[in-house]
file structure-v4.txt (compact mmCIF, C-alpha atoms)
# COMPACT_ATOMS: atom_id res chain seq x y z
CA MET A 494 57.29 12.89 -54.52
CA LEU A 495 54.57 15.44 -53.82
CA LYS A 496 56.74 18.23 -55.26
CA LYS A 497 57.28 16.26 -58.48
CA THR A 498 53.55 15.60 -58.74
CA LEU A 499 52.70 19.28 -58.29
CA THR A 500 55.32 20.23 -60.88
CA ALA A 501 53.83 17.76 -63.34
CA VAL A 502 50.35 19.13 -62.71
CA ALA A 503 51.58 22.70 -63.22
CA ILE A 504 53.25 21.76 -66.53
CA ALA A 505 50.15 19.96 -67.70
CA THR A 506 48.00 22.95 -66.75
CA LEU A 507 50.23 25.33 -68.69
CA ALA A 508 50.19 23.03 -71.70
CA PHE A 509 46.41 22.79 -71.58
CA THR A 510 46.10 26.59 -71.28
CA ALA A 511 48.35 27.06 -74.29
CA GLN A 512 46.30 24.58 -76.31
CA ALA A 513 43.03 26.14 -75.17
CA ALA A 514 43.82 29.57 -76.64
CA ASP A 515 41.47 30.40 -79.50
CA VAL A 516 43.18 30.79 -82.87
CA LEU A 517 41.65 33.40 -85.16
CA LYS A 518 42.97 33.42 -88.74
CA VAL A 519 42.39 36.65 -90.64
CA ALA A 520 43.33 37.47 -94.24
CA ALA A 521 44.55 40.96 -95.05
CA THR A 522 46.44 43.03 -97.58
CA ALA A 523 49.77 44.27 -96.23
CA VAL A 524 49.14 48.01 -95.85
CA PRO A 525 47.38 49.21 -93.80
CA HIS A 526 45.24 46.18 -92.91
CA ALA A 527 47.90 43.72 -91.76
CA GLU A 528 49.70 46.53 -89.92
CA ILE A 529 46.54 47.42 -87.99
CA LEU A 530 45.81 43.76 -87.21
CA ASN A 531 49.35 43.20 -85.95
CA PHE A 532 48.95 46.25 -83.72
CA VAL A 533 46.00 44.63 -81.89
CA LYS A 534 47.62 41.21 -81.49
CA PRO A 535 48.82 41.83 -77.91
CA GLN A 536 45.38 43.06 -76.84
CA LEU A 537 43.73 39.92 -78.21
CA LYS A 538 46.40 37.64 -76.76
CA ALA A 539 45.56 39.02 -73.32
CA GLN A 540 41.99 37.85 -73.95
CA GLY A 541 43.05 34.33 -74.92
CA ILE A 542 42.93 34.80 -78.68
CA GLU A 543 45.91 34.06 -80.91
CA LEU A 544 45.48 36.27 -83.96
CA GLN A 545 47.17 34.88 -87.06
CA VAL A 546 47.41 37.38 -89.92
CA LYS A 547 47.71 35.93 -93.43
CA GLU A 548 48.84 38.52 -95.98
CA PHE A 549 47.64 38.59 -99.60
CA SER A 550 48.61 40.87 -102.47
CA ASP A 551 45.34 40.71 -104.43
CA TYR A 552 41.63 41.27 -103.82
CA VAL A 553 40.30 37.81 -104.76
CA GLN A 554 42.16 35.25 -102.65
CA PRO A 555 41.33 36.80 -99.26
CA ASN A 556 37.63 36.20 -99.93
CA ALA A 557 38.16 32.78 -101.50
CA ALA A 558 40.18 31.60 -98.49
CA VAL A 559 37.41 32.65 -96.10
CA GLN A 560 34.64 31.17 -98.26
CA ASP A 561 36.57 27.86 -98.44
CA LYS A 562 36.95 27.82 -94.62
CA GLN A 563 40.74 28.04 -94.77
CA LEU A 564 40.54 31.29 -92.79
CA ASP A 565 37.99 32.77 -90.39
CA ALA A 566 37.65 36.36 -91.61
CA ASN A 567 39.28 39.01 -93.75
CA PHE A 568 40.06 42.70 -93.56
CA PHE A 569 40.88 44.41 -96.86
CA GLN A 570 37.72 45.46 -98.70
CA HIS A 571 34.73 47.77 -98.67
CA GLN A 572 31.07 46.77 -98.88
CA PRO A 573 30.56 47.59 -102.59
CA TYR A 574 33.48 45.30 -103.47
CA LEU A 575 32.12 42.53 -101.23
CA ASP A 576 28.67 42.86 -102.83
CA SER A 577 30.21 42.61 -106.29
CA TYR A 578 32.36 39.63 -105.28
CA ASN A 579 29.40 37.77 -103.79
CA LYS A 580 27.36 38.35 -106.93
CA ASP A 581 30.11 37.27 -109.34
CA ARG A 582 31.31 34.26 -107.31
CA LYS A 583 27.94 33.19 -105.92
CA SER A 584 29.31 33.39 -102.39
CA ASP A 585 27.60 34.69 -99.27
CA LEU A 586 30.25 36.44 -97.19
CA VAL A 587 28.95 39.18 -94.90
CA GLN A 588 30.19 42.20 -93.01
CA VAL A 589 30.58 41.21 -89.35
CA PRO A 590 28.64 43.20 -86.69
CA ASN A 591 30.25 46.61 -86.10
CA GLY A 592 32.56 45.69 -88.96
CA LYS A 593 33.53 49.16 -90.21
CA VAL A 594 37.10 50.22 -89.43
CA HIS A 595 38.53 52.89 -91.73
CA VAL A 596 38.36 54.72 -95.03
CA GLU A 597 41.27 54.85 -97.46
CA PRO A 598 40.56 57.93 -99.59
CA PHE A 599 40.93 56.90 -103.24
CA GLY A 600 43.23 59.12 -105.28
CA ALA A 601 44.46 60.01 -108.77
CA TYR A 602 48.19 59.98 -109.49
CA SER A 603 50.48 60.84 -112.37
CA SER A 604 54.20 60.82 -113.15
CA LYS A 605 53.66 63.08 -116.18
CA ILE A 606 51.60 66.01 -114.94
CA LYS A 607 51.55 68.07 -111.74
CA THR A 608 47.98 69.41 -111.88
CA ILE A 609 44.77 68.14 -113.41
CA ALA A 610 44.67 71.25 -115.61
CA GLU A 611 47.65 69.78 -117.51
CA LEU A 612 45.72 66.65 -118.51
CA LYS A 613 45.63 66.71 -122.31
CA ASP A 614 42.81 65.75 -124.65
CA GLY A 615 42.97 62.07 -125.52
CA ALA A 616 44.95 61.24 -122.36
CA THR A 617 45.06 57.62 -121.18
CA VAL A 618 43.58 57.02 -117.73
CA ALA A 619 44.14 53.74 -115.87
CA ILE A 620 41.44 52.49 -113.50
CA PRO A 621 40.90 49.23 -111.56
CA ASN A 622 39.28 46.46 -113.57
CA ASP A 623 36.92 45.19 -110.84
CA PRO A 624 33.38 46.64 -110.91
CA SER A 625 33.35 48.33 -107.50
CA ASN A 626 36.78 49.99 -107.61
CA GLY A 627 36.49 50.79 -111.30
CA GLY A 628 33.18 52.45 -110.55
CA ARG A 629 34.73 54.27 -107.64
CA ALA A 630 37.41 55.67 -109.97
CA LEU A 631 34.83 56.88 -112.48
CA ILE A 632 32.78 58.54 -109.74
CA LEU A 633 35.86 60.41 -108.58
CA LEU A 634 36.62 61.52 -112.15
CA ALA A 635 33.01 62.69 -112.52
CA LYS A 636 33.29 64.74 -109.32
CA GLN A 637 36.26 66.50 -110.91
CA GLY A 638 34.12 67.34 -113.95
CA LEU A 639 36.29 65.25 -116.29
CA ILE A 640 33.40 62.98 -117.29
CA ALA A 641 29.66 62.67 -116.68
CA LEU A 642 27.90 59.39 -115.81
CA LYS A 643 24.49 58.14 -116.83
CA ASP A 644 23.42 57.44 -113.24
CA PRO A 645 25.29 59.63 -110.73
CA ALA A 646 23.81 57.62 -107.83
CA SER A 647 25.24 54.29 -108.97
CA LEU A 648 28.28 52.96 -107.07
CA THR A 649 29.30 50.60 -109.87
CA PRO A 650 29.37 52.53 -113.15
CA THR A 651 31.56 51.26 -116.00
CA PRO A 652 33.17 53.14 -118.91
CA LEU A 653 30.03 52.24 -120.91
CA ASP A 654 28.05 54.50 -118.54
CA ILE A 655 30.04 57.61 -119.48
CA VAL A 656 27.69 60.02 -121.24
CA LYS A 657 30.05 63.00 -121.48
CA ASN A 658 33.79 62.83 -122.07
CA PRO A 659 34.85 66.32 -123.23
CA LYS A 660 38.58 65.52 -123.17
CA LYS A 661 38.02 62.24 -125.04
CA LEU A 662 39.88 60.36 -122.32
CA LYS A 663 40.91 56.79 -123.09
CA PHE A 664 40.41 54.27 -120.30
CA LYS A 665 42.71 51.37 -119.52
CA GLU A 666 41.38 48.82 -117.03
CA LEU A 667 44.03 46.98 -114.99
CA GLU A 668 44.15 44.79 -111.90
CA ALA A 669 44.33 47.07 -108.88
CA PRO A 670 47.79 45.93 -107.65
CA LEU A 671 49.32 46.77 -111.05
CA LEU A 672 48.19 50.40 -111.16
CA PRO A 673 51.22 51.99 -109.44
CA ARG A 674 53.53 50.24 -111.91
CA ALA A 675 51.47 51.59 -114.82
CA LEU A 676 52.16 55.24 -113.97
CA ALA A 677 55.00 55.45 -116.49
CA ASP A 678 52.74 54.20 -119.28
CA VAL A 679 49.60 56.27 -118.71
CA ASP A 680 48.79 59.91 -118.11
CA LEU A 681 46.71 59.36 -114.99
CA ALA A 682 46.01 56.38 -112.73
CA LEU A 683 43.30 55.99 -110.10
CA ILE A 684 44.88 53.91 -107.33
CA ASN A 685 43.55 52.30 -104.14
CA THR A 686 45.32 53.83 -101.15
CA ASN A 687 46.73 50.54 -99.82
CA TYR A 688 48.57 49.98 -103.12
CA ALA A 689 49.57 53.64 -103.32
CA ILE A 690 51.16 53.45 -99.85
CA GLU A 691 52.95 50.19 -100.75
CA ALA A 692 54.39 51.99 -103.80
CA LYS A 693 55.72 54.78 -101.53
CA LEU A 694 53.13 57.27 -102.75
CA ASN A 695 51.75 59.64 -100.13
CA PRO A 696 48.04 60.11 -100.85
CA THR A 697 47.82 63.43 -99.02
CA LYS A 698 50.80 64.88 -100.92
CA ASP A 699 51.16 62.99 -104.20
CA ALA A 700 47.54 62.61 -105.32
CA LEU A 701 46.34 65.19 -107.85
CA PHE A 702 42.89 64.80 -106.33
CA ILE A 703 41.44 62.48 -103.72
CA GLU A 704 38.15 61.43 -102.14
CA GLY A 705 36.78 63.34 -99.19
CA ALA A 706 36.02 61.92 -95.76
CA ASP A 707 32.41 61.32 -96.88
CA SER A 708 33.47 58.33 -99.00
CA PRO A 709 30.99 55.41 -98.80
CA TYR A 710 33.86 52.97 -99.27
CA THR A 711 34.59 52.13 -95.63
CA ASN A 712 36.92 49.16 -95.17
CA ILE A 713 35.27 46.33 -93.26
CA VAL A 714 35.91 42.96 -91.65
CA ALA A 715 34.03 40.17 -93.45
CA ALA A 716 33.34 36.52 -92.66
CA ARG A 717 31.07 33.61 -93.52
CA LYS A 718 27.60 33.85 -92.04
CA ASP A 719 28.31 30.97 -89.64
CA ARG A 720 31.38 32.79 -88.23
CA ALA A 721 30.33 36.43 -88.38
CA GLU A 722 28.85 36.54 -84.87
CA GLY A 723 31.54 34.50 -83.14
CA ALA A 724 32.77 35.72 -79.76
CA ASP A 725 36.35 35.85 -81.01
CA ILE A 726 35.38 38.05 -83.97
CA ALA A 727 33.40 40.32 -81.63
CA LYS A 728 36.57 40.74 -79.55
CA LEU A 729 38.54 41.45 -82.71
CA MET A 730 36.14 44.24 -83.63
CA GLN A 731 36.29 45.71 -80.12
CA ALA A 732 40.05 45.87 -80.50
CA LEU A 733 39.98 47.27 -84.05
CA ARG A 734 37.51 50.01 -83.07
CA SER A 735 39.31 51.01 -79.88
CA PRO A 736 40.70 54.47 -79.04
CA GLU A 737 44.19 52.98 -79.26
CA VAL A 738 43.67 51.91 -82.87
CA LYS A 739 42.16 55.29 -83.77
CA GLN A 740 45.29 56.98 -82.44
CA PHE A 741 47.54 54.45 -84.21
CA ILE A 742 45.82 55.10 -87.56
CA GLN A 743 45.91 58.86 -87.20
CA GLU A 744 49.56 59.00 -86.17
CA LYS A 745 50.93 56.37 -88.56
CA TYR A 746 49.06 57.27 -91.77
CA GLN A 747 48.68 61.04 -91.37
CA GLY A 748 45.36 61.31 -93.23
CA ALA A 749 46.06 58.64 -95.86
CA VAL A 750 43.86 56.33 -93.77
CA VAL A 751 40.93 57.75 -91.81
CA PRO A 752 39.20 56.00 -88.85
CA ALA A 753 35.51 55.29 -89.49
CA PHE A 754 34.48 54.97 -85.83

call {"tool": "encode", "arguments": {"input": "structure-v4.txt", "output": "structure tokens"}}
result
Amino acid sequence: MLKKTLTAVAIATLAFTAQAADVLKVAATAVPHAEILNFVKPQLKAQGIELQVKEFSDYVQPNAAVQDKQLDANFFQHQPYLDSYNKDRKSDLVQVPNGKVHVEPFGAYSSKIKTIAELKDGATVAIPNDPSNGGRALILLAKQGLIALKDPASLTPTPLDIVKNPKKLKFKELEAPLLPRALADVDLALINTNYAIEAKLNPTKDALFIEGADSPYTNIVAARKDRAEGADIAKLMQALRSPEVKQFIQEKYQGAVVPAF
């Protein structure tokens, strides 16, 4: 009888332990964010946190899901994009403490030319249609001397801020996930690295030109203000900024993704 009682207690204890594990739900785009999150799952599980990664293919829903309290945090964006999103959607998501993880150097790609010197006058250039990434594309074009911007210090210029356009480039603004598919229809496309990688483009080999390591567009983990300082999120950041993750990023992405810690 005693043995049966002890067995029942042991089963109940295991069941309670399983139920007591913290569940942390994080939104992410597939590459590299979800891959990095999945890499740290075992480390968090050992600390009593069940990390659930919810993948999204766009840049709007991951923030909306966190704002609406469907998910706890997200990992897919940089601070300029978050600032723009908060302003446009009247939301108040924030970067979590020690929230910087990596930089994805933004690059320019083409299926029609091999060097930027081949870009013809009147060429069509595709850029993201959201303010932060569209601005990022224009800044990169300006650094190449292809255009000049009214305020070189601004992180969110638009095509209306172009003051010099010697090649008379024509700009086509598209949703960021669609840019790789537009390569056949335009002369040049400025593509976020996560979408470039998903499209089997190698940023370090296929980009005609690319941002340097000094890019201000560090990818961050974001959350609502009431969740940003949670103990589980702090443990997530410790895992994401660990030496193991740095090595994982360097070995897996070979310079297409650069650790920011």

call {"tool": "closest_atom_pairs", "arguments": {"input": "structure-v4.txt", "of": "stretch 644-665 of chain A", "to": "stretch 670-685 of chain A", "cutoff": "10 Å", "atoms": "all atoms listed in the file", "output": "JSON lines"}}
result
{"residue": "A:Leu662", "atom": "CA", "partner": "A:Asp680", "partner_atom": "CA", "distance": 9.9}
{"residue": "A:Lys663", "atom": "CA", "partner": "A:Val679", "partner_atom": "CA", "distance": 9.7}
{"residue": "A:Phe664", "atom": "CA", "partner": "A:Val679", "partner_atom": "CA", "distance": 9.5}
{"residue": "A:Lys665", "atom": "CA", "partner": "A:Val679", "partner_atom": "CA", "distance": 8.5}

call {"tool": "atom_distance", "arguments": {"input": "structure-v4.txt", "atom1": "atom CA of A:Gln588", "atom2": "atom CA of A:Pro696"}}
result
26.5 Å

call {"tool": "residues_around", "arguments": {"input": "structure-v4.txt", "residues": "stretch 627-629 of chain A", "least_positions_apart": "4", "cutoff": "6 Å", "atoms": "only C-alpha atoms", "output": "list in words"}}
result
Ile620, Pro621, Asn622, Asp623, Thr649, Pro650 and Thr651 of chain A

call {"tool": "atom_distance", "arguments": {"input": "structure-v4.txt", "atom1": "atom CA of A:Ser603", "atom2": "atom CA of A:Gln743"}}
result
25.7 Å

call {"tool": "closest_residue", "arguments": {"input": "structure-v4.txt", "among": "A:Lys660, A:Lys728, A:Arg734, A:Lys607", "to": "A:Lys698", "atoms": "all atoms listed in the file"}}
result
A:Lys607

call {"tool": "closest_atom_pairs", "arguments": {"input": "structure-v4.txt", "of": "stretch 509-560 of chain A", "to": "stretch 568-582 of chain A", "cutoff": "9 Å", "atoms": "all atoms listed in the file", "output": "tab-separated table"}}
result
residue	atom	partner	partner_atom	distance
A:Val519	CA	A:Phe568	CA	7.1
A:Ala520	CA	A:Phe568	CA	6.2
A:Ala521	CA	A:Phe568	CA	5.0
A:Thr522	CA	A:Phe569	CA	5.8
A:Ala523	CA	A:Phe569	CA	8.9
A:Pro525	CA	A:Phe569	CA	8.6
A:His526	CA	A:Phe569	CA	6.1
A:Ala527	CA	A:Phe568	CA	8.1
A:Leu530	CA	A:Phe568	CA	8.6
A:Tyr552	CA	A:Phe569	CA	7.7
A:Val553	CA	A:Tyr578	CA	8.2
A:Pro555	CA	A:Phe569	CA	8.0
A:Asn556	CA	A:Tyr578	CA	8.3

call {"tool": "write_last_selection", "arguments": {"input": "structure-v4.txt", "atoms": "C-alpha atoms", "output": "PDB file, in the coordinates of the input"}}
result
ATOM      1  CA  VAL A 519      42.390  36.650 -90.640  1.00  0.00           C
ATOM      2  CA  ALA A 520      43.330  37.470 -94.240  1.00  0.00           C
ATOM      3  CA  ALA A 521      44.550  40.960 -95.050  1.00  0.00           C
ATOM      4  CA  THR A 522      46.440  43.030 -97.580  1.00  0.00           C
ATOM      5  CA  ALA A 523      49.770  44.270 -96.230  1.00  0.00           C
ATOM      6  CA  PRO A 525      47.380  49.210 -93.800  1.00  0.00           C
ATOM      7  CA  HIS A 526      45.240  46.180 -92.910  1.00  0.00           C
ATOM      8  CA  ALA A 527      47.900  43.720 -91.760  1.00  0.00           C
ATOM      9  CA  LEU A 530      45.810  43.760 -87.210  1.00  0.00           C
ATOM     10  CA  TYR A 552      41.630  41.270-103.820  1.00  0.00           C
ATOM     11  CA  VAL A 553      40.300  37.810-104.760  1.00  0.00           C
ATOM     12  CA  PRO A 555      41.330  36.800 -99.260  1.00  0.00           C
ATOM     13  CA  ASN A 556      37.630  36.200 -99.930  1.00  0.00           C
TER      14      ASN A 556
END

call {"tool": "residues_around", "arguments": {"input": "structure-v4.txt", "residues": "stretch 591-597 of chain A", "least_positions_apart": "6", "cutoff": "9 Å", "atoms": "only C-alpha atoms", "output": "PyMOL selection string"}}
result
chain A and resi 571+685-687+704+706+708-715+727+730-731+733-734+742+748-754

call {"tool": "residues_near_point", "arguments": {"input": "structure-v4.txt", "point": "(36.8, 31.5, -98.3)", "cutoff": "10 Å", "atoms": "all atoms listed in the file", "output": "JSON, numbers by chain"}}
result
{"A": [520, 553, 554, 555, 556, 557, 558, 559, 560, 561, 562, 563, 564, 565, 566, 567, 584, 585, 586, 716, 717]}

call {"tool": "atom_distance", "arguments": {"input": "structure-v4.txt", "atom1": "atom CA of A:Ala700", "atom2": "atom CA of A:Leu631"}}
result
15.7 Å

call {"tool": "closest_residue", "arguments": {"input": "structure-v4.txt", "among": "A:Leu642, A:Val524, A:Val656, A:Val533", "to": "A:Asp551", "atoms": "only C-alpha atoms"}}
result
A:Val524

call {"tool": "closest_residue", "arguments": {"input": "structure-v4.txt", "among": "A:Val589, A:Leu653, A:Val738, A:Ala732", "to": "A:Leu537", "atoms": "only C-alpha atoms"}}
result
A:Ala732

call {"tool": "decode", "arguments": {"input": "structure-v4.txt", "residues": "stretch 552-577 of chain A", "atoms": "N, CA and C atoms", "output": "PDB file, in the first residue's frame"}}
result
ATOM      1  N   TYR A 552       6.208  41.477 -41.607  1.00  0.00           N
ATOM      2  CA  TYR A 552       6.763  42.317 -40.556  1.00  0.00           C
ATOM      3  C   TYR A 552       5.696  43.021 -39.706  1.00  0.00           C
ATOM      4  N   VAL A 553       4.419  42.741 -39.944  1.00  0.00           N
ATOM      5  CA  VAL A 553       3.350  43.413 -39.211  1.00  0.00           C
ATOM      6  C   VAL A 553       2.766  42.509 -38.124  1.00  0.00           C
ATOM      7  N   GLN A 554       2.410  41.288 -38.496  1.00  0.00           N
ATOM      8  CA  GLN A 554       1.735  40.392 -37.560  1.00  0.00           C
ATOM      9  C   GLN A 554       2.547  40.054 -36.313  1.00  0.00           C
ATOM     10  N   PRO A 555       3.876  39.928 -36.390  1.00  0.00           N
ATOM     11  CA  PRO A 555       4.620  39.622 -35.163  1.00  0.00           C
ATOM     12  C   PRO A 555       4.451  40.696 -34.084  1.00  0.00           C
ATOM     13  N   ASN A 556       4.362  41.948 -34.496  1.00  0.00           N
ATOM     14  CA  ASN A 556       4.124  43.017 -33.523  1.00  0.00           C
ATOM     15  C   ASN A 556       2.667  43.034 -33.057  1.00  0.00           C
ATOM     16  N   ALA A 557       1.749  42.843 -33.994  1.00  0.00           N
ATOM     17  CA  ALA A 557       0.330  42.856 -33.635  1.00  0.00           C
ATOM     18  C   ALA A 557       0.013  41.751 -32.638  1.00  0.00           C
ATOM     19  N   ALA A 558       0.593  40.573 -32.826  1.00  0.00           N
ATOM     20  CA  ALA A 558       0.327  39.448 -31.933  1.00  0.00           C
ATOM     21  C   ALA A 558       0.846  39.705 -30.524  1.00  0.00           C
ATOM     22  N   VAL A 559       1.966  40.417 -30.418  1.00  0.00           N
ATOM     23  CA  VAL A 559       2.505  40.759 -29.103  1.00  0.00           C
ATOM     24  C   VAL A 559       1.672  41.863 -28.462  1.00  0.00           C
ATOM     25  N   GLN A 560       1.327  42.885 -29.239  1.00  0.00           N
ATOM     26  CA  GLN A 560       0.518  43.982 -28.719  1.00  0.00           C
ATOM     27  C   GLN A 560      -0.836  43.475 -28.212  1.00  0.00           C
ATOM     28  N   ASP A 561      -1.420  42.498 -28.922  1.00  0.00           N
ATOM     29  CA  ASP A 561      -2.728  41.954 -28.549  1.00  0.00           C
ATOM     30  C   ASP A 561      -2.647  40.886 -27.464  1.00  0.00           C
ATOM     31  N   LYS A 562      -1.462  40.651 -26.922  1.00  0.00           N
ATOM     32  CA  LYS A 562      -1.228  39.696 -25.830  1.00  0.00           C
ATOM     33  C   LYS A 562      -1.445  38.236 -26.238  1.00  0.00           C
ATOM     34  N   GLN A 563      -1.381  37.969 -27.545  1.00  0.00           N
ATOM     35  CA  GLN A 563      -1.417  36.576 -27.987  1.00  0.00           C
ATOM     36  C   GLN A 563      -0.063  35.911 -27.749  1.00  0.00           C
ATOM     37  N   LEU A 564       1.010  36.724 -27.862  1.00  0.00           N
ATOM     38  CA  LEU A 564       2.367  36.230 -27.667  1.00  0.00           C
ATOM     39  C   LEU A 564       3.097  37.151 -26.702  1.00  0.00           C
ATOM     40  N   ASP A 565       4.211  36.654 -26.157  1.00  0.00           N
ATOM     41  CA  ASP A 565       4.921  37.400 -25.112  1.00  0.00           C
ATOM     42  C   ASP A 565       5.970  38.374 -25.647  1.00  0.00           C
ATOM     43  N   ALA A 566       6.606  38.016 -26.744  1.00  0.00           N
ATOM     44  CA  ALA A 566       7.702  38.838 -27.284  1.00  0.00           C
ATOM     45  C   ALA A 566       7.884  38.493 -28.752  1.00  0.00           C
ATOM     46  N   ASN A 567       8.735  39.261 -29.429  1.00  0.00           N
ATOM     47  CA  ASN A 567       9.078  38.909 -30.802  1.00  0.00           C
ATOM     48  C   ASN A 567      10.537  39.201 -31.085  1.00  0.00           C
ATOM     49  N   PHE A 568      11.027  38.559 -32.127  1.00  0.00           N
ATOM     50  CA  PHE A 568      12.431  38.694 -32.523  1.00  0.00           C
ATOM     51  C   PHE A 568      12.474  38.655 -34.036  1.00  0.00           C
ATOM     52  N   PHE A 569      12.522  39.856 -34.661  1.00  0.00           N
ATOM     53  CA  PHE A 569      12.548  39.902 -36.126  1.00  0.00           C
ATOM     54  C   PHE A 569      12.947  41.267 -36.663  1.00  0.00           C
ATOM     55  N   GLN A 570      12.948  42.307 -35.826  1.00  0.00           N
ATOM     56  CA  GLN A 570      13.014  43.681 -36.308  1.00  0.00           C
ATOM     57  C   GLN A 570      14.167  44.457 -35.681  1.00  0.00           C
ATOM     58  N   HIS A 571      14.427  45.632 -36.245  1.00  0.00           N
ATOM     59  CA  HIS A 571      15.391  46.548 -35.648  1.00  0.00           C
ATOM     60  C   HIS A 571      14.647  47.737 -35.034  1.00  0.00           C
ATOM     61  N   GLN A 572      15.357  48.534 -34.257  1.00  0.00           N
ATOM     62  CA  GLN A 572      14.721  49.623 -33.518  1.00  0.00           C
ATOM     63  C   GLN A 572      14.053  50.660 -34.420  1.00  0.00           C
ATOM     64  N   PRO A 573      14.672  51.088 -35.531  1.00  0.00           N
ATOM     65  CA  PRO A 573      13.974  52.048 -36.396  1.00  0.00           C
ATOM     66  C   PRO A 573      12.629  51.527 -36.905  1.00  0.00           C
ATOM     67  N   TYR A 574      12.567  50.229 -37.221  1.00  0.00           N
ATOM     68  CA  TYR A 574      11.280  49.671 -37.669  1.00  0.00           C
ATOM     69  C   TYR A 574      10.280  49.676 -36.520  1.00  0.00           C
ATOM     70  N   LEU A 575      10.708  49.291 -35.326  1.00  0.00           N
ATOM     71  CA  LEU A 575       9.810  49.293 -34.170  1.00  0.00           C
ATOM     72  C   LEU A 575       9.301  50.698 -33.879  1.00  0.00           C
ATOM     73  N   ASP A 576      10.175  51.694 -33.962  1.00  0.00           N
ATOM     74  CA  ASP A 576       9.756  53.083 -33.735  1.00  0.00           C
ATOM     75  C   ASP A 576       8.695  53.498 -34.749  1.00  0.00           C
ATOM     76  N   SER A 577       8.918  53.141 -36.001  1.00  0.00           N
ATOM     77  CA  SER A 577       7.966  53.477 -37.060  1.00  0.00           C
ATOM     78  C   SER A 577       6.641  52.758 -36.845  1.00  0.00           C
TER      79      SER A 577
END
